[in-house]
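start19.txt follows; it contains compact mmCIF, C-alpha atoms and all ligand atoms.
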# COMPACT_ATOMS: atom_id res chain seq x y z
CA MET G 1 60.40 -10.01 -14.40
CA ASN G 2 63.99 -10.08 -13.09
CA MET G 3 64.17 -6.29 -13.46
CA ASP G 4 61.00 -5.93 -11.35
CA LEU G 5 62.52 -8.09 -8.62
CA LYS G 6 65.77 -6.08 -8.70
CA ASP G 7 63.84 -2.77 -8.46
CA LYS G 8 61.85 -4.14 -5.53
CA GLN G 9 65.01 -5.12 -3.68
CA LYS G 10 66.21 -1.51 -4.01
CA THR G 11 63.15 -0.04 -2.22
CA PRO G 12 64.58 2.01 0.65
CA LEU G 13 63.54 1.11 4.17
CA HIS G 14 61.87 4.47 4.83
CA LYS G 15 59.65 3.97 1.73
CA THR G 16 58.63 0.48 2.84
CA PHE G 17 57.77 1.99 6.22
CA SER G 18 55.71 4.79 4.64
CA PHE G 19 53.78 2.24 2.49
CA ALA G 20 52.92 0.38 5.69
CA ILE G 21 51.76 3.63 7.37
CA CYS G 22 49.63 4.39 4.27
CA GLY G 23 48.06 0.93 4.65
CA ILE G 24 47.18 1.59 8.29
CA ILE G 25 45.70 5.03 7.46
CA HIS G 26 43.72 3.58 4.54
CA GLY G 27 42.42 0.76 6.75
CA PHE G 28 41.30 3.26 9.38
CA LYS G 29 39.55 5.47 6.80
CA ALA G 30 37.94 2.72 4.71
CA GLU G 31 36.98 0.05 7.24
CA LYS G 32 34.14 0.64 9.68
CA ASN G 33 35.42 -2.19 11.91
CA PHE G 34 38.61 -0.20 12.49
CA LYS G 35 36.63 2.58 14.15
CA ILE G 36 34.91 0.03 16.41
CA HIS G 37 38.30 -1.50 17.36
CA ALA G 38 39.76 1.97 17.97
CA ALA G 39 36.84 2.88 20.27
CA ALA G 40 37.27 -0.43 22.16
CA ALA G 41 41.03 0.18 22.45
CA ILE G 42 40.55 3.71 23.85
CA MET G 43 38.01 2.33 26.35
CA ALA G 44 40.34 -0.52 27.41
CA ILE G 45 43.31 1.85 27.85
CA SER G 46 41.21 4.34 29.87
CA ILE G 47 39.86 1.60 32.16
CA SER G 48 43.39 0.18 32.53
CA PHE G 49 44.68 3.58 33.73
CA LEU G 50 41.71 4.06 36.04
CA LEU G 51 42.07 0.61 37.61
CA ARG G 52 45.89 0.92 37.81
CA ILE G 53 46.53 -2.51 36.35
CA SER G 54 49.93 -4.21 36.78
CA LEU G 55 52.77 -4.27 34.24
CA MET G 56 51.94 -7.87 33.29
CA GLU G 57 48.26 -6.96 32.81
CA TRP G 58 49.30 -4.01 30.61
CA LEU G 59 51.25 -6.44 28.42
CA PHE G 60 48.10 -8.52 27.86
CA VAL G 61 46.00 -5.41 27.11
CA ILE G 62 48.61 -4.16 24.59
CA LEU G 63 48.90 -7.62 22.99
CA SER G 64 45.10 -7.79 22.63
CA ILE G 65 44.79 -4.32 21.05
CA PHE G 66 47.67 -4.66 18.60
CA GLY G 67 46.69 -8.25 17.75
CA VAL G 68 43.12 -7.33 16.78
CA VAL G 69 44.26 -4.32 14.72
CA SER G 70 46.92 -6.40 12.92
CA LEU G 71 44.44 -9.16 12.11
CA GLU G 72 41.88 -6.60 10.91
CA LEU G 73 44.51 -5.20 8.51
CA VAL G 74 45.24 -8.71 7.18
CA ASN G 75 41.47 -9.36 6.88
CA SER G 76 41.02 -6.14 4.87
CA ALA G 77 43.96 -7.07 2.61
CA ILE G 78 42.46 -10.54 1.98
CA GLU G 79 39.06 -8.96 1.17
CA ARG G 80 40.69 -6.74 -1.46
CA VAL G 81 42.70 -9.55 -3.04
CA VAL G 82 39.56 -11.73 -3.17
CA ASP G 83 37.55 -8.89 -4.79
CA LEU G 84 40.36 -8.48 -7.33
CA ALA G 85 40.54 -12.21 -8.11
CA ALA G 86 36.80 -12.97 -7.97
CA PRO G 87 34.62 -9.91 -8.57
CA GLY G 88 31.55 -12.16 -9.04
CA TYR G 89 30.16 -14.77 -6.64
CA HIS G 90 32.48 -17.72 -6.02
CA PRO G 91 32.25 -20.29 -3.20
CA LEU G 92 36.04 -20.10 -2.65
CA ALA G 93 35.83 -16.30 -2.40
CA LYS G 94 33.16 -16.75 0.28
CA GLN G 95 35.33 -19.26 2.15
CA ALA G 96 38.40 -17.01 1.98
CA LYS G 97 36.51 -13.96 3.30
CA ASP G 98 34.66 -15.95 5.97
CA LEU G 99 37.91 -17.59 7.15
CA ALA G 100 39.67 -14.22 7.38
CA ALA G 101 36.72 -12.72 9.26
CA GLY G 102 36.74 -15.80 11.52
CA ALA G 103 40.38 -15.14 12.43
CA VAL G 104 39.48 -11.61 13.59
CA LEU G 105 36.51 -12.95 15.55
CA VAL G 106 38.59 -15.63 17.31
CA TYR G 107 41.23 -13.07 18.39
CA SER G 108 38.52 -10.58 19.42
CA ILE G 109 36.87 -13.23 21.63
CA MET G 110 40.26 -13.91 23.25
CA SER G 111 40.67 -10.15 23.85
CA VAL G 112 37.25 -9.95 25.52
CA ILE G 113 38.15 -12.94 27.74
CA ILE G 114 41.46 -11.23 28.70
CA ALA G 115 39.56 -8.01 29.48
CA CYS G 116 37.10 -9.93 31.68
CA VAL G 117 39.92 -11.76 33.53
CA ILE G 118 41.77 -8.48 34.23
CA PHE G 119 38.92 -6.03 34.83
CA ILE G 120 36.08 -8.00 36.48
CA PRO G 121 37.98 -8.83 39.73
CA LYS G 122 39.14 -5.21 40.00
CA PHE G 123 35.61 -3.87 39.44
CA ALA G 124 34.27 -6.39 41.97
CA HIS G 125 36.90 -5.24 44.49
CA LEU G 126 35.93 -1.60 43.92
CA ILE G 127 32.22 -2.36 44.39
CA ILE G 128 32.86 -4.38 47.58
CA ASN G 129 34.99 -1.52 48.99
CA PHE G 130 32.28 1.00 48.06
CA ILE G 131 29.55 -1.00 49.87
N1 LIG G 201 32.98 -12.78 -4.29
C1 LIG G 201 32.24 -13.37 -3.34
N2 LIG G 201 31.75 -14.60 -3.51
C2 LIG G 201 31.04 -15.22 -2.54
N3 LIG G 201 30.71 -14.68 -1.37
C3 LIG G 201 31.18 -13.44 -1.09
C4 LIG G 201 31.97 -12.71 -2.07
N4 LIG G 201 32.27 -11.50 -1.53
C5 LIG G 201 31.74 -11.50 -0.31
N5 LIG G 201 31.08 -12.65 -0.03
C6 LIG G 201 30.37 -12.98 1.22
O1 LIG G 201 29.84 -11.80 1.78
C7 LIG G 201 30.43 -11.57 3.08
C8 LIG G 201 30.67 -10.09 3.24
O2 LIG G 201 31.66 -9.70 2.32
P1 LIG G 201 32.24 -8.24 2.24
O3 LIG G 201 33.24 -8.19 1.16
O4 LIG G 201 31.12 -7.26 2.16
O5 LIG G 201 33.00 -8.09 3.59
P2 LIG G 201 32.46 -7.57 4.97
O6 LIG G 201 32.22 -8.75 5.86
O7 LIG G 201 31.35 -6.61 4.75
O8 LIG G 201 33.74 -6.88 5.51
P3 LIG G 201 33.93 -5.37 5.90
O9 LIG G 201 32.69 -4.96 6.66
O10 LIG G 201 35.16 -5.44 6.76
O11 LIG G 201 34.13 -4.65 4.61
C9 LIG G 201 31.70 -12.41 3.10
O12 LIG G 201 32.08 -12.77 4.41
C10 LIG G 201 31.30 -13.59 2.27
O13 LIG G 201 30.57 -14.54 3.04
As a first step, turn the structure in this file into structure tokens.
Amino acid sequence: MNMDLKDKQKTPLHKTFSFAICGIIHGFKAEKNFKIHAAAAIMAISISFLLRISLMEWLFVILSIFGVVSLELVNSAIERVVDLAAPGYHPLAKQAKDLAAGAVLVYSIMSVIIACVIFIPKFAHLIINFI
């Protein structure tokens, strides 16, 4: 046990980094929700460029995108640990997965609200100028 801990402490930084990259790539390949988030992120970034949002607004857009992706990765990790610990039906397994999914949903709702606050006035301004 002590040997394992010692070996772990010796893991070089570049390896830890590459494990994390592997996790992101795996998440993108294995999780359908990742593709949905990626499509939403590309759309948000494109609209942000088109509407020439401010630096502060960019910070909120970036925070929303990275926050959802990070939470989705944690959600996927929790799903795998739950499947490992409780392959059959278990009420606690259901609670753990539902709670993790709830965290993603809460952050996603916040991201949609941020998008509405930033983009709707700019779209409205464009439409008024067009008319
Ligand atoms: N071992 C289990 N015991 C009880 N309920 C479970 C268990 N596994 C999954 N569930 C229930 O089924 C739901 C769907 O679980 P699943 O593992 O398929 O994840 P998911 O929501 O499809 O996620 P994703 O689409 O990201 O893979 C969970 O939110 C939970 O309510």
One-decimal distance in Å that lies between CA of Ile118 (chain G) and CA of Ile53 (chain G):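 Taking CA of Ile53 (chain G) as the start and CA of Ile118 (chain G) as the end point, the length is 7.9 Å.
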So that I can check the surroundings of region 25-42 of chain G, please list as a PyMOL selection string every protein, DNA and RNA residue that reaches within 10 Å of it, counting all atoms listed in the file and ignoring chain neighbours fewer than 6 positions away. chain G and resi 19+48+61-62+64-66+68-69+72-74+76-77+108
Calculate how many Å separate CA of Ala115 (chain G) from CA of Ala100 (chain G), rounding to one decimal.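 These two atoms are separated by 23.0 Å.
If you look at CA of Phe123 (chain G) and CA of Leu50 (chain G), they are 10.6 Å away from each other.
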Go through G:Tyr89, G:Phe119, G:Tyr107, G:Phe130 and flag the residue nearest ligand LIG 201 (chain G), using all atoms listed in the file for the distances.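 Closest residue, counting all atoms listed in the file: G:Tyr89.
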Quick one: which chain G residues come within 6 Å of ligand LIG 201 (chain G), and what is the nearest atom pair for each with the distance in Å to one decimal, counting only C-alpha atoms and all ligand atoms, rows ordered by chain and ascending number, as CSV?
residue,atom,partner,partner_atom,distance
G:Glu31,CA,G:LIG201,O10,5.8
G:Glu79,CA,G:LIG201,O3,5.9
G:Ala86,CA,G:LIG201,N1,5.3
G:Pro87,CA,G:LIG201,N1,5.4
G:Gly88,CA,G:LIG201,N1,5.0
G:Tyr89,CA,G:LIG201,N2,3.5
G:His90,CA,G:LIG201,N2,4.1
G:Pro91,CA,G:LIG201,C2,5.3
G:Ala93,CA,G:LIG201,N2,4.6
G:Lys94,CA,G:LIG201,N3,3.6
G:Lys97,CA,G:LIG201,O12,4.7
G:Asp98,CA,G:LIG201,O12,4.4
Between G:Val81, G:Ser70, G:Ser18, G:Cys116, single out the one closest to Glu57 (chain G), counting all atoms listed in the file.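 For Glu57 (chain G), the nearest of the candidates is G:Cys116.
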From G:Leu51, G:Gly67, G:Thr16, G:Met43, residue lying nearest Ser111 (chain G) [all atoms listed in the file]: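 Ranked by minimum distance to Ser111 (chain G), first place goes to G:Gly67.
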Which residue of G:Val117, G:Ile78, G:Leu84, G:Ile47 approaches Ala101 (chain G) most closely, using all atoms listed in the file: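 Looking at the shortest contact to Ala101 (chain G), the residue is G:Ile78.
Minimum atom-to-atom distances from G:Ala44, G:Leu55, G:Leu13, G:Leu105 to Leu71 (chain G) were compared using only C-alpha atoms, and the lowest value belongs to G:Leu105.
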Each side padded by 6 Å, which centre and which edge lengths in Å (one decimal) define the axis-aligned box around the listed atoms of region 105-121 of chain G? Give them as lines of an AutoDock Vina configuration file.
center_x = 38.9
center_y = -10.8
center_z = 27.6
size_x = 17.7
size_y = 21.6
size_z = 36.2
